[in-house]
Amino acid sequence: MKSKHNPQSRMGRVLPPIMLDISFMARAIELAKKGLFTTDPNPRVGAVLVKEGQIIGEGWHQKAGEAHAEVIAIANAKEQQKQTLGATCYVTLEPCSHHGLTAPCADALILAGINRVVIAMQDPNPKVQGQGIAKLKAAQIEVEVGMMEQEARALNPGFIQRMTLGRPYVMMKLAMSLDGRTAMQSGESQWISSAESREDVQRLRARVSAILTGSETVLHDNPRMTVRAESLGYQQPLCGKQTRQPLRVVIDGQQRLTPESTFFNGEAQALIFLPIQSEKTALFKQQGVLVEEVAMNNGHLDLEAILYRLSQNYQVNELMIEAGAQLSGALLKAGWVDQLEIYMAPKILGDNAKGLFHLPEIDCMKDVKNMQFSQVRSIGPDLKITCHPLPEAH
């Protein structure tokens with residue numbers, strides 16, 4: 001892995017130190033993105049080693065339980081017979097300071113003779129959270145924190161939220177027509193969006209920890225909700241790793257589902273949320289389905305409890321919602337949705353078709369849910385709209 005990214009000069013001019021720093025950190029962020037589909041539940045991290053203005057080693061974390069980015073970058077430098085003594089390390093997340101499945105990265109940097117470490121952001125994990133920085137400083141290593149922090153945070157919204165708030169980052173996927181409809185009155189919805197949009201959904205699924213739906217969707221559509229490796233295109237080799245399937249999760253407060261559904265097949269692990277002391281718990285467990293029992297809240301399973309259980313028991317960083325209007329509306333109403341990914345097709349479904357959200361309590365403008373667009377782009381004949389709910393006004 002020999003890097004050609006050595007931006008000492010542009011158009012014949014030597015770049016100032018700060019611009020070189022930014023360029024090398026940008027390269028580390030680019031490397032971290034290579035682990036987009038494979039690192040879960042760990043964060044995506046990239047690292048670059050630089051000496052005398054030249055990259056001598058680089059790496060990214062590829063899979064939980066395997067070497068971290070800094071260790072891979074050091075090994076990469078050694079493969080190229082480069083001396084790491086006196087080098088600078090640019091890394092997108094604070095080097096770890098504790099023994100987990102791997103040894104502390106801070107120790108590896110110290111042993112490698114690194115004399116300066118530039119860190120994009122502090123690790124929000126309570127097991128680290130500044131301790132890696134402290135260990136480096138105690139070893140007389142110069143440490144700088146905060147370069148390109150916003151870009152680094154964008155790599156791991158779910159990991160950061162799980163560590164700071166104790167719940168997953170909730171991303172809701174929706175497909176709709178020009179008139180804001182998501183299915184015909186009969187429930188027929190295949191296919192509103194184009195083949196290109198459905199391929200893009202595969203990439204969204206591949207990056208998340210889990211996919212959550214409701215029993216109505218499972219009963220009506222009998223979905224698999226798995227990642228098809230062939231749909232990931234140029235990213236398919238996944239750094240040589242096998243395609244990771246997200247955990248499939250269904251909420252069944254009315255206990256209508258049975259293990260015979262396609263949703264519970266062996267392609268990927270499935271989890272069902274049932275009421276406390278459900279008679280179906282043993283039946284699902286016998287079929288290898290994970291079961292969690294939670295309390296009812298106003299006639300429905302407690303959504304807050306479900307989100308926190310997914311975070312605490314299953315290390316779910318990013319959770320994608322693929323559900324009907326009832327569950328989608330309940331999550332949006334409760335304020336649990338962090339991001340919406342909407343695929344809008346150039347079709348008109350008409351007045352009798354179903355809407356995206358069931359929100360009967362909204363009947364005047366003061367109650368509307370306000371959104372902020374962050375990206376709109378074309379995918380085949382469709383538009384993909386990314387937006388985020390704005391905080392409620394009080």
# chains A, B, ... in the order shown; residues from 1 in each chain; ligands from 1
call {"tool": "residues_around", "arguments": {"residues": "segment 15-25 of chain A", "least_positions_apart": "5", "cutoff": "12 Å", "atoms": "only C-alpha atoms", "output": "PyMOL selection string"}}
result
chain A and resi 3-10+30-32+45-58+88-93+116-121+144-149+151-152
call {"tool": "closest_atom_pairs", "arguments": {"of": "segment 122-157 of chain A", "to": "segment 206-222 of chain A", "cutoff": "12 Å", "atoms": "only C-alpha atoms", "output": "JSON lines"}}
result
{"residue": "A:Leu155", "atom": "CA", "partner": "A:Arg207", "partner_atom": "CA", "distance": 10.9}
{"residue": "A:Asn156", "atom": "CA", "partner": "A:Arg207", "partner_atom": "CA", "distance": 10.5}
{"residue": "A:Pro157", "atom": "CA", "partner": "A:Val208", "partner_atom": "CA", "distance": 10.7}
call {"tool": "write_last_selection", "arguments": {"atoms": "all heavy atoms", "output": "PDB file, in the first residue's frame"}}
result
ATOM      1  N   LEU A 155     -18.007  10.870   9.866  1.00  0.00           N
ATOM      2  CA  LEU A 155     -17.680   9.473   9.604  1.00  0.00           C
ATOM      3  C   LEU A 155     -18.454   8.521  10.507  1.00  0.00           C
ATOM      4  O   LEU A 155     -18.777   7.397  10.120  1.00  0.00           O
ATOM      5  CB  LEU A 155     -16.181   9.226   9.822  1.00  0.00           C
ATOM      6  CG  LEU A 155     -15.188   9.837   8.843  1.00  0.00           C
ATOM      7  CD1 LEU A 155     -13.778   9.715   9.405  1.00  0.00           C
ATOM      8  CD2 LEU A 155     -15.283   9.148   7.489  1.00  0.00           C
ATOM      9  N   ASN A 156     -18.752   8.979  11.724  1.00  0.00           N
ATOM     10  CA  ASN A 156     -19.276   8.071  12.753  1.00  0.00           C
ATOM     11  C   ASN A 156     -20.425   8.663  13.574  1.00  0.00           C
ATOM     12  O   ASN A 156     -20.362   8.696  14.805  1.00  0.00           O
ATOM     13  CB  ASN A 156     -18.134   7.670  13.704  1.00  0.00           C
ATOM     14  CG  ASN A 156     -17.015   6.947  12.997  1.00  0.00           C
ATOM     15  OD1 ASN A 156     -17.197   5.846  12.490  1.00  0.00           O
ATOM     16  ND2 ASN A 156     -15.837   7.571  12.963  1.00  0.00           N
ATOM     17  N   PRO A 157     -21.500   9.130  12.927  1.00  0.00           N
ATOM     18  CA  PRO A 157     -22.590   9.734  13.712  1.00  0.00           C
ATOM     19  C   PRO A 157     -23.215   8.762  14.698  1.00  0.00           C
ATOM     20  O   PRO A 157     -23.601   9.149  15.799  1.00  0.00           O
ATOM     21  CB  PRO A 157     -23.596  10.169  12.634  1.00  0.00           C
ATOM     22  CG  PRO A 157     -23.299   9.292  11.458  1.00  0.00           C
ATOM     23  CD  PRO A 157     -21.815   9.092  11.490  1.00  0.00           C
TER      24      PRO A 157
END
call {"tool": "residues_around", "arguments": {"residues": "Ile141 of chain A", "least_positions_apart": "3", "cutoff": "6 Å", "atoms": "only C-alpha atoms", "output": "compact mmCIF listing (two decimals) with N, CA, C and O atoms, in the first residue's frame"}}
result
# COMPACT_ATOMS: atom_id res chain seq x y z
N ASN A 115 6.76 11.54 17.07
CA ASN A 115 6.98 12.70 17.95
C ASN A 115 5.87 13.76 17.86
O ASN A 115 5.91 14.75 18.59
N ARG A 116 4.89 13.55 16.94
CA ARG A 116 3.77 14.50 16.84
C ARG A 116 2.54 13.74 16.36
O ARG A 116 2.62 12.93 15.42
N LEU A 136 -0.14 10.08 25.37
CA LEU A 136 0.81 10.57 24.37
C LEU A 136 1.59 11.77 24.92
O LEU A 136 2.81 11.86 24.76
N LYS A 137 0.88 12.69 25.56
CA LYS A 137 1.55 13.86 26.13
C LYS A 137 2.52 13.48 27.23
O LYS A 137 3.60 14.08 27.36
call {"tool": "residues_around", "arguments": {"residues": "Ile133 of chain A", "least_positions_apart": "5", "cutoff": "9 Å", "atoms": "only C-alpha atoms", "output": "list in words"}}
result
Glu94, Pro95, Cys96, Ser97, Ala106, Ile119, Gln122, Val128, Ala138, Val143 and Val145 of chain A
